[in-house]
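Student: The structure's right below; bear with me while I get my questions together.
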Amino acid sequence: MHVKSGEFNRGRKLGRGDACLSVRTSLLAKNKRSGGHGLILSGMNARINHRYVSNHRWEKGDRGSNHEARKEPLALAGEKFSQGKGEGHEDEDEDEDEDVEEEKMEKEKEKEKEEEEEEGKEESHRKIGNIEHVPVFRYNGGMVRDGAFFIEPFTADFFRNFHIEKIIYEGKTKQQLVHIFANRVFGKVLFLDRRIQSAEIDEFIFHECLVHPGLLVHPAPRKVLILGGGEGATLRETLRHPSVSRATMIDIDRQLVALCRRYLPEWSRGAFSNRRSRLLFQDARQFVEKTEERFDVIISDLTEPLEGGPSVYLFTLEFFRRVAQVLSEDGVFVLQAGSTDPHYHRFFSSLSRTLREVFPVVRPYWAFMFSFGLPWGFVLASKRHDPVTMETAEIGRRFQERKLRRLRYLHPAMFSSLFVLPVYLLADLEKADVLTDEKPFIWQA
């Protein structure tokens, strides 16, 4: 089953007179933090229908961290809306009020239906500069705000809740859906097409593992090509190596890069403005197929190949053959290769298998990513240099020569251990598929 999109959901305590929620969901869980009475709506296709809704509504308006939805009374399923009459009223008065209230509710339902039809016709996009601002989850005309939960699907049976301390950005570029928000544990978090890409707490682990093995195994990398990497952290780590005279970054999504420069400057730390950097906005495959340049190291920091996404044909045999042609005679290719957990590691295994059709040296490796909640895979493919045969003393010498003492994760003694894989991954490497343009990998679970 292909994983569908995640949604925003409230996780607040619901009491008498709150709301009637009709939800199609794979999980309806009690919120323990609210004494077992709160509901976290955790469906892969969560849907909220409004039945007993009062005249009090969540207001439309510009999204902002200070804009709070009105906490007006809404009725739970099967309960009648009440304005909270005091004691002492006669039963006949209550019956009359109930009739009036039911009539009001019916009118309200009809009015809401008409409004929803009108809203469907209206332009719901807003813009910051040339970037579309799109409401992702709406309740009665208003967007869910700070304090909601963002739900990331991994498979049809497993997904994660992220509490949103503060919404920083939500919208859509021409290529993909973008969410940036703050979480108390992970700090700033970036999601693309509802899949986590990077978190402030451990982005250094991902980017150090992606960049430095390939650059360290090459004796003197000068020209580096980066495919993707919109946050700028891959570029940041590449520029740590003083031998690099030119780092060319290719990204198809100009709007995403602008968002990351504006909202996630901690990732790039000025890398985009470095005189050795060159930033081009175009399709990565087209660039690789047409360029006459040669590069010592190519680093692929692309999103997973989702159906209809921009990266599907950047993980195939045909593309990898062209990558090898663009590399120098002793060139190195490194790419992020998806999860390496026991359940869903086929993408990682298939990439390793496909690269073995092109390169004489292929070394898959991994690291655990706290924010992903998973071990994550990378693959190093080389025309000549083998990281596994490098002596620790030589690795240490290159660390020192290139002044990499300020790394927060990698150090010379652990370098070789990155390439030590468990039995279940080693076994699957031998039986994985070769990915082609005709039969590419599409992320499904």
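Within each chain, counting starts at residue 1; across the structure tokens, chains are named A, B, ... in the order shown, with ligands numbered 1 upward in that order.
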Got a sec to tell me which of region 234-315 of chain A DSSP assigns to alpha helix (DSSP H), as an mmCIF file with N, CA and C atoms, in the first residue's frame?

Tutor:
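Below is the file that was written, states-v6.cif:
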```cif
data_model
loop_
_atom_site.group_PDB
_atom_site.id
_atom_site.type_symbol
_atom_site.label_atom_id
_atom_site.label_comp_id
_atom_site.auth_asym_id
_atom_site.auth_seq_id
_atom_site.Cartn_x
_atom_site.Cartn_y
_atom_site.Cartn_z
ATOM 1 N N THR A 234 24.836 20.283 3.178
ATOM 2 C CA THR A 234 25.783 19.474 2.405
ATOM 3 C C THR A 234 26.860 20.365 1.804
ATOM 4 N N LEU A 235 26.461 21.513 1.300
ATOM 5 C CA LEU A 235 27.417 22.490 0.795
ATOM 6 C C LEU A 235 28.321 22.986 1.916
ATOM 7 N N ARG A 236 27.758 23.248 3.067
ATOM 8 C CA ARG A 236 28.535 23.699 4.236
ATOM 9 C C ARG A 236 29.648 22.718 4.586
ATOM 10 N N GLU A 237 29.309 21.422 4.666
ATOM 11 C CA GLU A 237 30.306 20.423 5.028
ATOM 12 C C GLU A 237 31.342 20.240 3.928
ATOM 13 N N THR A 238 30.927 20.342 2.671
ATOM 14 C CA THR A 238 31.874 20.218 1.549
ATOM 15 C C THR A 238 32.944 21.300 1.612
ATOM 16 N N ARG A 254 14.078 26.274 -6.564
ATOM 17 C CA ARG A 254 14.591 27.585 -6.153
ATOM 18 C C ARG A 254 13.837 28.114 -4.928
ATOM 19 N N GLN A 255 12.550 27.862 -4.894
ATOM 20 C CA GLN A 255 11.738 28.368 -3.788
ATOM 21 C C GLN A 255 12.113 27.701 -2.467
ATOM 22 N N LEU A 256 12.391 26.402 -2.511
ATOM 23 C CA LEU A 256 12.799 25.700 -1.296
ATOM 24 C C LEU A 256 14.111 26.246 -0.766
ATOM 25 N N VAL A 257 15.062 26.473 -1.640
ATOM 26 C CA VAL A 257 16.350 27.025 -1.203
ATOM 27 C C VAL A 257 16.151 28.386 -0.553
ATOM 28 N N ALA A 258 15.276 29.208 -1.146
ATOM 29 C CA ALA A 258 14.985 30.517 -0.564
ATOM 30 C C ALA A 258 14.370 30.381 0.827
ATOM 31 N N LEU A 259 13.474 29.414 0.998
ATOM 32 C CA LEU A 259 12.861 29.179 2.297
ATOM 33 C C LEU A 259 13.901 28.741 3.325
ATOM 34 N N CYS A 260 14.783 27.846 2.922
ATOM 35 C CA CYS A 260 15.821 27.362 3.846
ATOM 36 C C CYS A 260 16.796 28.472 4.223
ATOM 37 N N ARG A 261 17.144 29.300 3.282
ATOM 38 C CA ARG A 261 18.040 30.423 3.602
ATOM 39 C C ARG A 261 17.374 31.394 4.573
ATOM 40 N N ARG A 262 16.064 31.530 4.440
ATOM 41 C CA ARG A 262 15.346 32.477 5.297
ATOM 42 C C ARG A 262 15.031 31.907 6.676
ATOM 43 N N TYR A 263 14.565 30.649 6.705
ATOM 44 C CA TYR A 263 14.064 30.091 7.961
ATOM 45 C C TYR A 263 15.017 29.097 8.626
ATOM 46 N N PRO A 265 18.753 29.201 8.542
ATOM 47 C CA PRO A 265 20.130 29.644 8.281
ATOM 48 C C PRO A 265 21.165 28.851 9.067
ATOM 49 N N GLU A 266 20.742 28.165 10.134
ATOM 50 C CA GLU A 266 21.673 27.361 10.927
ATOM 51 C C GLU A 266 22.253 26.209 10.105
ATOM 52 N N TRP A 267 21.542 25.791 9.069
ATOM 53 C CA TRP A 267 22.003 24.682 8.243
ATOM 54 C C TRP A 267 23.151 25.123 7.313
ATOM 55 N N SER A 268 22.982 26.196 6.614
ATOM 56 C CA SER A 268 23.982 26.604 5.609
ATOM 57 C C SER A 268 25.132 27.413 6.200
ATOM 58 N N ALA A 284 18.474 18.010 -11.985
ATOM 59 C CA ALA A 284 19.781 17.391 -11.779
ATOM 60 C C ALA A 284 20.134 16.415 -12.898
ATOM 61 N N ARG A 285 19.167 15.654 -13.343
ATOM 62 C CA ARG A 285 19.471 14.685 -14.401
ATOM 63 C C ARG A 285 19.835 15.390 -15.697
ATOM 64 N N GLN A 286 19.103 16.433 -16.028
ATOM 65 C CA GLN A 286 19.424 17.172 -17.248
ATOM 66 C C GLN A 286 20.821 17.776 -17.175
ATOM 67 N N PHE A 287 21.179 18.301 -16.013
ATOM 68 C CA PHE A 287 22.521 18.875 -15.872
ATOM 69 C C PHE A 287 23.584 17.801 -16.080
ATOM 70 N N VAL A 288 23.420 16.667 -15.419
ATOM 71 C CA VAL A 288 24.422 15.603 -15.516
ATOM 72 C C VAL A 288 24.517 15.074 -16.950
ATOM 73 N N GLU A 289 23.403 14.969 -17.623
ATOM 74 C CA GLU A 289 23.415 14.443 -18.989
ATOM 75 C C GLU A 289 24.047 15.407 -19.990
ATOM 76 N N LYS A 290 23.946 16.711 -19.713
ATOM 77 C CA LYS A 290 24.416 17.694 -20.687
ATOM 78 C C LYS A 290 25.778 18.302 -20.377
#
```

Student: Where does region 270-323 of chain A meet region 431-434 of chain A within 12 Å, residue by residue, with the nearest atom pair and distance in Å to one decimal for each, counting only C-alpha atoms, listed by chain and rising number, as JSON lines?

Tutor:
```
{"residue": "A:Phe315", "atom": "CA", "partner": "A:Val434", "partner_atom": "CA", "distance": 10.1}
{"residue": "A:Thr316", "atom": "CA", "partner": "A:Val434", "partner_atom": "CA", "distance": 7.9}
{"residue": "A:Leu317", "atom": "CA", "partner": "A:Val434", "partner_atom": "CA", "distance": 7.2}
{"residue": "A:Glu318", "atom": "CA", "partner": "A:Val434", "partner_atom": "CA", "distance": 10.7}
{"residue": "A:Phe320", "atom": "CA", "partner": "A:Val434", "partner_atom": "CA", "distance": 11.4}
```

Student: What's the separation between CA of Glu200 (chain A) and CA of Gly187 (chain A), in Å to one decimal place?

Tutor: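 Those two atoms sit 5.2 Å apart.
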
Student: Using only C-alpha atoms, pick whichever of A:Arg278, A:Phe204, A:Leu327, A:Glu293 has the shortest atom-to-atom distance to Tyr409 (chain A).

Tutor: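 Looking only at the distances to Tyr409 (chain A), the closest residue turns out to be A:Phe204.
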
Student: Can you work out which one of A:Leu225, A:Leu192, A:Leu210, A:Val326 has the shortest atom-to-atom distance to Pro310 (chain A), counting only C-alpha atoms?

Tutor: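 Comparing A:Leu225, A:Leu192, A:Leu210, A:Val326 against Pro310 (chain A), the winner is A:Leu192.
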
Student: Might you pull out every residue within 7 Å of Phe191 (chain A), with only C-alpha atoms counted and same-chain residues fewer than 3 positions away left off, and present them as a tab-separated table (two decimals) with N, CA and C atoms, in the first residue's frame?

Tutor:
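Result written to around.tsv:
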```
chain	number	residue	atom	x	y	z
A	178	VAL	N	5.95	21.83	1.63
A	178	VAL	CA	6.99	22.17	2.60
A	178	VAL	C	6.36	22.51	3.95
A	179	HIS	N	6.90	21.91	5.00
A	179	HIS	CA	6.53	22.27	6.37
A	179	HIS	C	7.80	22.51	7.17
A	180	ILE	N	7.84	23.63	7.85
A	180	ILE	CA	8.93	23.93	8.78
A	180	ILE	C	8.28	24.34	10.09
A	194	ARG	N	5.61	15.78	3.36
A	194	ARG	CA	5.22	15.16	4.63
A	194	ARG	C	6.20	14.12	5.14
A	195	ARG	N	7.42	14.11	4.62
A	195	ARG	CA	8.46	13.23	5.12
A	195	ARG	C	9.59	14.07	5.71
A	196	ILE	N	10.06	13.66	6.88
A	196	ILE	CA	11.10	14.43	7.53
A	196	ILE	C	12.37	14.41	6.69
A	197	GLN	N	13.00	15.57	6.56
A	197	GLN	CA	14.24	15.71	5.82
A	197	GLN	C	15.42	16.04	6.72
```

Student: Once DSSP has gone over the backbone, tell me which residues of region 178-361 of chain A are in strand (DSSP E), as a PyMOL selection string.

Tutor: chain A and resi 178-183+187-192+195-199+223-228+246-250+277-280+295-301+327-339+361

Student: Would you list the contacts of Thr248 (chain A) as a PyMOL selection string, taking every protein, DNA or RNA residue within 8 Å and counting only C-alpha atoms, but skipping same-chain residues closer than 4 positions in sequence?

Tutor: chain A and resi 223-226+277-280

Student: Using the selection just defined, write its residues with C-alpha atoms as an mmCIF file, in the first residue's frame.

Tutor:
```
data_model
loop_
_atom_site.group_PDB
_atom_site.id
_atom_site.type_symbol
_atom_site.label_atom_id
_atom_site.label_comp_id
_atom_site.auth_asym_id
_atom_site.auth_seq_id
_atom_site.Cartn_x
_atom_site.Cartn_y
_atom_site.Cartn_z
ATOM 1 C CA LYS A 223 35.721 20.061 -7.970
ATOM 2 C CA VAL A 224 32.610 18.787 -6.212
ATOM 3 C CA LEU A 225 29.065 18.460 -7.576
ATOM 4 C CA ILE A 226 26.118 18.372 -5.154
ATOM 5 C CA SER A 277 30.083 28.051 -4.166
ATOM 6 C CA ARG A 278 28.087 27.944 -7.382
ATOM 7 C CA LEU A 279 24.329 27.478 -7.154
ATOM 8 C CA LEU A 280 22.288 26.429 -10.187
#
```
